[in-house]
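**Q** My structure file data_19.cif, mmCIF, C-alpha atoms, is below:
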data_run
loop_
_atom_site.group_PDB
_atom_site.id
_atom_site.type_symbol
_atom_site.label_atom_id
_atom_site.label_comp_id
_atom_site.auth_asym_id
_atom_site.auth_seq_id
_atom_site.Cartn_x
_atom_site.Cartn_y
_atom_site.Cartn_z
ATOM 1 C CA PHE M 97 7.263 -42.031 103.390
ATOM 2 C CA LEU M 98 10.188 -41.746 100.975
ATOM 3 C CA MET M 99 13.504 -40.359 102.146
ATOM 4 C CA MET M 100 14.918 -37.826 99.710
ATOM 5 C CA MET M 101 18.501 -38.603 98.686
ATOM 6 C CA SER M 102 21.044 -35.832 98.298
ATOM 7 C CA TRP M 103 21.632 -36.464 94.581
ATOM 8 C CA SER M 104 19.175 -36.573 91.715
ATOM 9 C CA ALA M 105 18.514 -39.533 89.428
ATOM 10 C CA GLU M 106 20.366 -37.711 86.674
ATOM 11 C CA ALA M 107 23.488 -37.059 88.777
ATOM 12 C CA GLN M 108 24.838 -40.605 88.868
ATOM 13 C CA LYS M 109 28.385 -39.568 87.979
ATOM 14 C CA PHE M 110 30.706 -37.199 89.786
ATOM 15 C CA ASN M 111 34.369 -36.188 89.857
ATOM 16 C CA HIS M 112 36.716 -36.686 92.778
ATOM 17 C CA THR M 113 40.351 -35.543 92.955
ATOM 18 C CA SER M 114 42.942 -37.589 94.849
ATOM 19 C CA ASN M 115 46.722 -37.090 94.713
ATOM 20 C CA GLY M 116 46.286 -34.531 91.935
ATOM 21 C CA VAL M 117 44.313 -36.818 89.598
ATOM 22 C CA THR M 118 40.620 -36.205 88.926
ATOM 23 C CA VAL M 119 38.695 -39.434 88.345
ATOM 24 C CA THR M 120 35.016 -39.764 87.400
ATOM 25 C CA TYR M 121 32.970 -42.208 89.486
ATOM 26 C CA ASN M 122 29.614 -43.783 88.750
ATOM 27 C CA ILE M 123 27.142 -44.409 91.581
ATOM 28 C CA LEU M 124 25.965 -48.022 91.542
ATOM 29 C CA SER M 125 22.308 -48.846 92.088
ATOM 30 C CA GLY M 126 21.278 -50.039 95.520
ATOM 31 C CA PRO M 127 21.353 -48.726 99.073
ATOM 32 C CA LYS M 128 24.988 -49.492 99.889
ATOM 33 C CA HIS M 129 26.593 -46.201 98.793
ATOM 34 C CA GLU M 130 28.995 -47.885 96.377
ATOM 35 C CA VAL M 131 30.668 -46.570 93.222
ATOM 36 C CA GLU M 132 32.798 -47.763 90.333
ATOM 37 C CA VAL M 133 35.655 -46.013 88.557
ATOM 38 C CA TYR M 134 34.029 -44.656 85.405
ATOM 39 C CA TYR M 135 36.683 -42.538 83.678
ATOM 40 C CA VAL M 136 40.394 -41.856 84.153
ATOM 41 C CA PRO M 137 42.238 -39.084 82.247
ATOM 42 C CA LYS M 138 44.346 -40.564 79.473
ATOM 43 C CA TYR M 139 47.461 -38.507 80.249
ATOM 44 C CA VAL M 140 48.111 -39.959 83.723
ATOM 45 C CA THR M 141 51.244 -41.972 84.522
ATOM 46 C CA ALA M 142 50.327 -43.092 88.050
ATOM 47 C CA VAL M 143 46.969 -43.451 89.802
ATOM 48 C CA THR M 144 46.021 -44.371 93.351
ATOM 49 C CA ILE M 145 42.344 -45.181 93.731
ATOM 50 C CA PRO M 146 41.065 -44.420 97.256
ATOM 51 C CA ALA M 147 38.901 -46.853 99.209
ATOM 52 C CA ALA M 148 36.170 -44.224 99.551
ATOM 53 C CA VAL M 149 35.208 -40.948 97.902
ATOM 54 C CA SER M 150 32.755 -38.237 98.887
ATOM 55 C CA PHE M 151 29.941 -36.569 96.966
ATOM 56 C CA ASN M 152 27.385 -34.063 98.283
ATOM 57 C CA GLY M 153 28.654 -34.641 101.790
ATOM 58 C CA GLU M 154 28.221 -38.421 101.674
ATOM 59 C CA ALA M 155 30.841 -41.166 101.512
ATOM 60 C CA PHE M 156 30.852 -43.862 98.839
ATOM 61 C CA ARG M 157 32.951 -47.018 98.872
ATOM 62 C CA VAL M 158 34.865 -47.783 95.649
ATOM 63 C CA VAL M 159 34.103 -51.430 94.807
ATOM 64 C CA ARG M 160 34.611 -51.792 91.056
ATOM 65 C CA ILE M 161 36.819 -50.718 88.173
ATOM 66 C CA GLY M 162 34.294 -50.029 85.414
ATOM 67 C CA ASN M 163 34.172 -51.407 81.873
ATOM 68 C CA GLY M 164 36.476 -49.767 79.351
ATOM 69 C CA TYR M 165 33.945 -49.203 76.604
ATOM 70 C CA CYS M 166 33.848 -46.299 74.171
ATOM 71 C CA LYS M 167 32.345 -43.180 75.765
ATOM 72 C CA SER M 168 30.291 -42.455 72.648
ATOM 73 C CA GLY M 169 28.860 -45.968 72.588
ATOM 74 C CA GLY M 170 30.820 -47.135 69.516
ATOM 75 C CA GLY M 171 34.381 -48.279 69.140
ATOM 76 C CA LEU M 172 34.132 -52.076 68.786
ATOM 77 C CA PHE M 173 34.234 -52.099 64.994
ATOM 78 C CA SER M 174 34.511 -48.341 64.451
ATOM 79 C CA GLU M 175 36.730 -45.455 65.452
ATOM 80 C CA CYS M 176 36.536 -44.233 69.029
ATOM 81 C CA ASP M 177 37.951 -40.955 70.308
ATOM 82 C CA ASP M 178 37.843 -41.743 74.007
ATOM 83 C CA TYR M 179 37.316 -44.754 76.249
ATOM 84 C CA ASN M 180 35.961 -45.188 79.772
ATOM 85 C CA SER M 181 37.840 -46.482 82.799
ATOM 86 C CA PHE M 182 41.619 -46.940 82.297
ATOM 87 C CA ASN M 183 41.249 -48.152 78.709
ATOM 88 C CA ASN M 184 43.830 -46.579 76.391
ATOM 89 C CA CYS M 185 45.809 -44.849 79.170
ATOM 90 C CA LYS M 186 48.957 -45.341 77.127
ATOM 91 C CA LEU M 187 51.231 -43.393 79.527
ATOM 92 C CA LEU M 188 50.067 -45.217 82.651
ATOM 93 C CA LYS M 189 52.836 -47.065 84.522
ATOM 94 C CA THR M 190 51.552 -47.766 88.033
ATOM 95 C CA VAL M 191 48.132 -48.318 89.615
ATOM 96 C CA GLU M 192 47.319 -48.811 93.278
ATOM 97 C CA LEU M 193 43.916 -50.292 94.062
ATOM 98 C CA PRO M 194 42.261 -50.289 97.508
ATOM 99 C CA ASN M 195 41.149 -53.357 99.460
ATOM 100 C CA THR M 196 37.541 -52.554 98.611
ATOM 101 C CA ILE M 197 37.633 -53.504 94.917
ATOM 102 C CA ARG M 198 35.571 -56.612 94.143
ATOM 103 C CA GLU M 199 35.575 -56.583 90.333
ATOM 104 C CA ILE M 200 37.706 -55.332 87.465
ATOM 105 C CA GLY M 201 35.443 -54.754 84.461
ATOM 106 C CA SER M 202 35.851 -55.898 80.892
ATOM 107 C CA ARG M 203 38.462 -54.007 78.846
ATOM 108 C CA ALA M 204 39.173 -51.840 81.896
ATOM 109 C CA PHE M 205 42.949 -51.673 81.253
ATOM 110 C CA GLU M 206 42.981 -52.458 77.542
ATOM 111 C CA ASP M 207 45.997 -51.038 75.676
ATOM 112 C CA CYS M 208 47.712 -49.692 78.796
ATOM 113 C CA VAL M 209 50.918 -50.577 77.014
ATOM 114 C CA TRP M 210 53.307 -49.070 79.611
ATOM 115 C CA LEU M 211 51.558 -50.440 82.691
ATOM 116 C CA ARG M 212 54.249 -52.147 84.771
ATOM 117 C CA HIS M 213 52.747 -52.390 88.233
ATOM 118 C CA ILE M 214 49.236 -53.020 89.539
ATOM 119 C CA ASN M 215 48.328 -54.554 92.861
ATOM 120 C CA PHE M 216 45.426 -56.992 93.002
ATOM 121 C CA PRO M 217 43.710 -56.396 96.355
ATOM 122 C CA TYR M 218 42.535 -59.200 98.628
ATOM 123 C CA SER M 219 38.942 -58.051 98.178
ATOM 124 C CA LEU M 220 39.007 -58.921 94.446
ATOM 125 C CA HIS M 221 36.583 -61.650 93.305
ATOM 126 C CA LYS M 222 36.410 -61.285 89.528
ATOM 127 C CA ILE M 223 38.497 -60.103 86.565
ATOM 128 C CA GLU M 224 36.231 -59.789 83.542
ATOM 129 C CA PHE M 225 36.971 -60.566 79.894
ATOM 130 C CA SER M 226 39.776 -58.717 78.095
ATOM 131 C CA ALA M 227 40.428 -56.643 81.217
ATOM 132 C CA PHE M 228 44.187 -56.413 80.592
ATOM 133 C CA ILE M 229 44.423 -57.114 76.870
ATOM 134 C CA ARG M 230 47.670 -55.810 75.339
ATOM 135 C CA CYS M 231 49.234 -54.632 78.607
ATOM 136 C CA GLU M 232 52.577 -55.258 76.989
ATOM 137 C CA SER M 233 54.822 -54.078 79.849
ATOM 138 C CA LEU M 234 53.413 -56.268 82.620
ATOM 139 C CA THR M 235 56.039 -58.851 83.571
ATOM 140 C CA SER M 236 54.476 -60.521 86.604
ATOM 141 C CA ILE M 237 51.197 -60.612 88.486
ATOM 142 C CA LYS M 238 50.227 -62.056 91.847
ATOM 143 C CA LEU M 239 46.532 -62.826 92.046
ATOM 144 C CA PRO M 240 44.894 -62.760 95.497
ATOM 145 C CA THR M 241 43.397 -65.728 97.317
ATOM 146 C CA SER M 242 39.999 -64.006 97.191
ATOM 147 C CA LEU M 243 39.843 -64.286 93.384
ATOM 148 C CA LYS M 244 37.215 -66.652 91.939
ATOM 149 C CA THR M 245 36.998 -65.848 88.224
ATOM 150 C CA ILE M 246 39.417 -64.888 85.442
ATOM 151 C CA GLY M 247 37.450 -64.032 82.314
ATOM 152 C CA ASP M 248 38.057 -64.946 78.674
ATOM 153 C CA ARG M 249 41.138 -63.259 77.195
ATOM 154 C CA ALA M 250 41.709 -61.393 80.454
ATOM 155 C CA PHE M 251 45.497 -61.154 79.967
ATOM 156 C CA ILE M 252 45.753 -61.992 76.277
ATOM 157 C CA GLU M 253 48.632 -60.436 74.292
ATOM 158 C CA CYS M 254 50.529 -59.395 77.414
ATOM 159 C CA SER M 255 53.748 -60.126 75.599
ATOM 160 C CA SER M 256 56.159 -59.511 78.521
ATOM 161 C CA LEU M 257 54.238 -61.496 81.113
ATOM 162 C CA ASN M 258 56.428 -64.328 82.381
ATOM 163 C CA SER M 259 55.199 -64.970 85.915
ATOM 164 C CA VAL M 260 51.640 -65.519 87.149
ATOM 165 C CA SER M 261 50.699 -66.602 90.657
ATOM 166 C CA ILE M 262 47.331 -68.389 90.507
ATOM 167 C CA PRO M 263 45.654 -69.061 93.874
ATOM 168 C CA ASN M 264 43.712 -72.225 94.668
ATOM 169 C CA SER M 265 40.600 -70.100 95.246
ATOM 170 C CA ILE M 266 40.092 -69.874 91.460
ATOM 171 C CA GLU M 267 36.872 -71.470 90.205
ATOM 172 C CA THR M 268 36.892 -70.332 86.563
ATOM 173 C CA ILE M 269 39.666 -69.557 84.073
ATOM 174 C CA GLY M 270 38.246 -68.327 80.777
ATOM 175 C CA SER M 271 39.335 -69.343 77.301
ATOM 176 C CA TYR M 272 42.624 -67.816 76.128
ATOM 177 C CA ALA M 273 42.953 -65.958 79.427
ATOM 178 C CA PHE M 274 46.749 -65.835 79.120
ATOM 179 C CA ALA M 275 47.126 -66.576 75.409
ATOM 180 C CA ASN M 276 49.193 -65.079 72.578
ATOM 181 C CA ASN M 277 52.827 -64.300 73.254
ATOM 182 C CA CYS M 278 52.672 -64.693 77.023
ATOM 183 C CA LYS M 279 55.955 -66.221 78.149
ATOM 184 C CA ILE M 280 54.245 -68.426 80.717
ATOM 185 C CA ALA M 281 54.637 -72.109 81.415
ATOM 186 C CA LEU M 282 51.948 -73.906 83.364
ATOM 187 C CA PRO M 283 53.200 -74.257 86.938
ATOM 188 C CA ASN M 284 54.119 -77.769 88.025
ATOM 189 C CA GLU M 285 51.686 -77.537 90.899
ATOM 190 C CA ILE M 286 48.704 -76.798 88.588
ATOM 191 C CA GLY M 287 47.439 -80.303 89.400
ATOM 192 C CA TRP M 288 46.444 -79.306 92.902
ATOM 193 C CA VAL M 289 44.321 -76.528 91.474
ATOM 194 C CA LEU M 290 42.473 -78.727 88.972
ATOM 195 C CA ASN M 291 39.786 -80.075 91.281
ATOM 196 C CA ASN M 292 38.796 -76.539 92.266
ATOM 197 C CA ILE M 293 38.603 -75.116 88.741
ATOM 198 C CA ILE M 294 35.565 -75.009 86.483
ATOM 199 C CA ILE M 295 36.933 -74.562 82.970
ATOM 200 C CA LEU M 296 34.681 -73.001 80.335
ATOM 201 C CA ASP M 297 35.876 -75.455 77.671
ATOM 202 C CA ALA M 298 34.962 -79.095 77.041
ATOM 203 C CA SER M 299 37.404 -80.604 79.525
ATOM 204 C CA PHE M 300 39.911 -79.621 82.202
ATOM 205 C CA LYS M 301 42.828 -80.504 79.933
ATOM 206 C CA GLU M 302 41.495 -78.629 76.926
ATOM 207 C CA GLY M 303 40.463 -75.705 79.079
ATOM 208 C CA LEU M 304 43.842 -75.258 80.681
ATOM 209 C CA TYR M 305 45.567 -75.603 77.320
ATOM 210 C CA ASP M 306 43.308 -73.007 75.716
ATOM 211 C CA SER M 307 43.786 -70.603 78.611
ATOM 212 C CA PHE M 308 47.546 -70.479 78.210
ATOM 213 C CA THR M 309 48.117 -70.935 74.464
ATOM 214 C CA ASP M 310 47.548 -69.060 71.235
ATOM 215 C CA TYR M 311 44.311 -69.087 69.293
#
Please express what this file holds, its structure, as structure tokens.
**A**
Amino acid sequence: FLMMMSWSAEAQKFNHTSNGVTVTYNILSGPKHEVEVYYVPKYVTAVTIPAAVSFNGEAFRVVRIGNGYCKSGGGLFSECDDYNSFNNCKLLKTVELPNTIREIGSRAFEDCVWLRHINFPYSLHKIEFSAFIRCESLTSIKLPTSLKTIGDRAFIECSSLNSVSIPNSIETIGSYAFANNCKIALPNEIGWVLNNIIILDASFKEGLYDSFTDY
């Protein structure tokens, strides 16, 4: 006996409006009723993502900020008219994320050049590669103690970033994670983090250097 779900296989995406902003969500596979942020309008200046959204009378928990890839499937080495997730929201200044978010996808906030405030919830486990590339107005970030992984180039070319709080829960810092014009000095207490970090480069020393310097 198979229970019929209230949405079809084709209807994996749906819109939900919160605080006057309509965001598109993508239903993730599996039985847990979970979704990711799929598309955010490019004109927004402030967005609050709710912990849960409803569709067809059912509630879905928001657990991921989706990848910021080109909607048409191109865009890496060719022109792209529109991007998924928050990518290219050039007017965006503030983002509030709920304490249900576990991952921030690759290129999710790429080129959000006016983004000044984003909270990193205590549910967050992973920030994927290039997630915040060229967020030029970010000045400081406080990463939560739940965070395990910071991907390659996650905060590269964030030219105003001068303060980063890195928790001792971190297991992986990717290459060039904070590289290129970041005004960051390695904290004096980085030594106490070393034994808990798996660096993707050849050695701890080289890995830390590559994470915080230019390439």
**Q** For this structure, which residues satisfy the selection - the PyMOL selection byres ((chain M and resi 184-188) around 6) - when it is evaluated on the file as given? I want them as a PyMOL selection string.
**A** chain M and resi 138+140-142+182-183+189+207-211
**Q** Generate the output file for the selected residues, C-alpha atoms, as an mmCIF file, keeping the file's coordinate frame.
**A**
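Written file, out35.cif:
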data_model
loop_
_atom_site.group_PDB
_atom_site.id
_atom_site.type_symbol
_atom_site.label_atom_id
_atom_site.label_comp_id
_atom_site.auth_asym_id
_atom_site.auth_seq_id
_atom_site.Cartn_x
_atom_site.Cartn_y
_atom_site.Cartn_z
ATOM 1 C CA LYS M 138 44.346 -40.564 79.473
ATOM 2 C CA VAL M 140 48.111 -39.959 83.723
ATOM 3 C CA THR M 141 51.244 -41.972 84.522
ATOM 4 C CA ALA M 142 50.327 -43.092 88.050
ATOM 5 C CA PHE M 182 41.619 -46.940 82.297
ATOM 6 C CA ASN M 183 41.249 -48.152 78.709
ATOM 7 C CA LYS M 189 52.836 -47.065 84.522
ATOM 8 C CA ASP M 207 45.997 -51.038 75.676
ATOM 9 C CA CYS M 208 47.712 -49.692 78.796
ATOM 10 C CA VAL M 209 50.918 -50.577 77.014
ATOM 11 C CA TRP M 210 53.307 -49.070 79.611
ATOM 12 C CA LEU M 211 51.558 -50.440 82.691
#
**Q** Can you work out which one of M:Glu267, M:Glu206, M:Glu154, M:Glu132 has the shortest atom-to-atom distance to M:Leu193, counting only C-alpha atoms?
**A** M:Glu132
**Q** Identify all residues satisfying the PyMOL selection byres ((chain M and resi 252-257) around 8) in the given file; provide them as a list of chain:residue names.
**A**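 For this structure, the PyMOL selection byres ((chain M and resi 252-257) around 8) resolves to M:Ser226, M:Phe228, M:Ile229, M:Arg230, M:Cys231, M:Glu232, M:Ser233, M:Leu234, M:Thr235, M:Ser236, M:Arg249, M:Ala250, M:Phe251, M:Asn258, M:Ser259, M:Val260, M:Tyr272, M:Ala273, M:Phe274, M:Ala275, M:Asn276, M:Asn277, M:Cys278, M:Lys279, M:Ile280.
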**Q** Can those selected residues be exported to a file as a PDB file, in the coordinates of the input so that it contains C-alpha atoms?
**A**
ATOM      1  CA  SER M 226      39.776 -58.717  78.095  1.00  0.00           C
ATOM      2  CA  PHE M 228      44.187 -56.413  80.592  1.00  0.00           C
ATOM      3  CA  ILE M 229      44.423 -57.114  76.870  1.00  0.00           C
ATOM      4  CA  ARG M 230      47.670 -55.810  75.339  1.00  0.00           C
ATOM      5  CA  CYS M 231      49.234 -54.632  78.607  1.00  0.00           C
ATOM      6  CA  GLU M 232      52.577 -55.258  76.989  1.00  0.00           C
ATOM      7  CA  SER M 233      54.822 -54.078  79.849  1.00  0.00           C
ATOM      8  CA  LEU M 234      53.413 -56.268  82.620  1.00  0.00           C
ATOM      9  CA  THR M 235      56.039 -58.851  83.571  1.00  0.00           C
ATOM     10  CA  SER M 236      54.476 -60.521  86.604  1.00  0.00           C
ATOM     11  CA  ARG M 249      41.138 -63.259  77.195  1.00  0.00           C
ATOM     12  CA  ALA M 250      41.709 -61.393  80.454  1.00  0.00           C
ATOM     13  CA  PHE M 251      45.497 -61.154  79.967  1.00  0.00           C
ATOM     14  CA  ASN M 258      56.428 -64.328  82.381  1.00  0.00           C
ATOM     15  CA  SER M 259      55.199 -64.970  85.915  1.00  0.00           C
ATOM     16  CA  VAL M 260      51.640 -65.519  87.149  1.00  0.00           C
ATOM     17  CA  TYR M 272      42.624 -67.816  76.128  1.00  0.00           C
ATOM     18  CA  ALA M 273      42.953 -65.958  79.427  1.00  0.00           C
ATOM     19  CA  PHE M 274      46.749 -65.835  79.120  1.00  0.00           C
ATOM     20  CA  ALA M 275      47.126 -66.576  75.409  1.00  0.00           C
ATOM     21  CA  ASN M 276      49.193 -65.079  72.578  1.00  0.00           C
ATOM     22  CA  ASN M 277      52.827 -64.300  73.254  1.00  0.00           C
ATOM     23  CA  CYS M 278      52.672 -64.693  77.023  1.00  0.00           C
ATOM     24  CA  LYS M 279      55.955 -66.221  78.149  1.00  0.00           C
ATOM     25  CA  ILE M 280      54.245 -68.426  80.717  1.00  0.00           C
TER      26      ILE M 280
END
**Q** Which residue is closest to M:Gly247? Choose from M:Asn180, M:Thr196, M:Ser261, M:Thr268 and count all atoms listed in the file.
**A** M:Thr268
**Q** In Å, rounded to a single decimal, give me how far atom CA of M:Ser271 is from atom CA of M:Val133.
**A**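 We find that atom CA of M:Val133 and atom CA of M:Ser271 lie 26.2 Å from each other.
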**Q** Interatomic distance between atom CA of M:Val119 and atom CA of M:Ile145?
**A** 8.7 Å
**Q** For M:His112, work out the shell of residues within 10 Å, counting all atoms listed in the file and skipping chain neighbours fewer than 4 positions away, then give it as a ChimeraX atom specification.
**A** /M:116-121,146,149-151
**Q** For stretch 241-244 of chain M, find every residue with an atom within 9 Å (counting only C-alpha atoms), except residues of its own chain fewer than 3 positions away, and show them as a count of residues only.
**A** 16
**Q** Give me, as a PyMOL selection string, all polymer residues having an atom no more than 7 Å from M:Ser202, counting all atoms listed in the file and skipping those fewer than 6 positions away in the same chain.
**A** chain M and resi 163-164+224-227
**Q** Tell me which of M:Leu124, M:Arg203, M:Asn111, M:Asn195 sits closest to M:Pro240, counting only C-alpha atoms.
**A**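 So, comparing all the options, the nearest one is M:Asn195.
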**Q** So what do you get for atom CA of M:Lys128 versus atom CA of M:Thr113, distance-wise?
**A**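 For atom CA of M:Lys128 relative to atom CA of M:Thr113, the distance reads 21.9 Å.
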**Q** Contacts of M:Asn122 at 6 Å or less, counting only C-alpha atoms, minus same-chain residues fewer than 2 places along, as a ChimeraX atom specification?
**A** /M:108-109,131-132,134
**Q** Carefully work through the PyMOL selection byres ((chain M and resi 200) around 6) for this structure and note down the residues it includes, as JSON, numbers by chain.
**A** {"M": [160, 161, 199, 201, 223]}
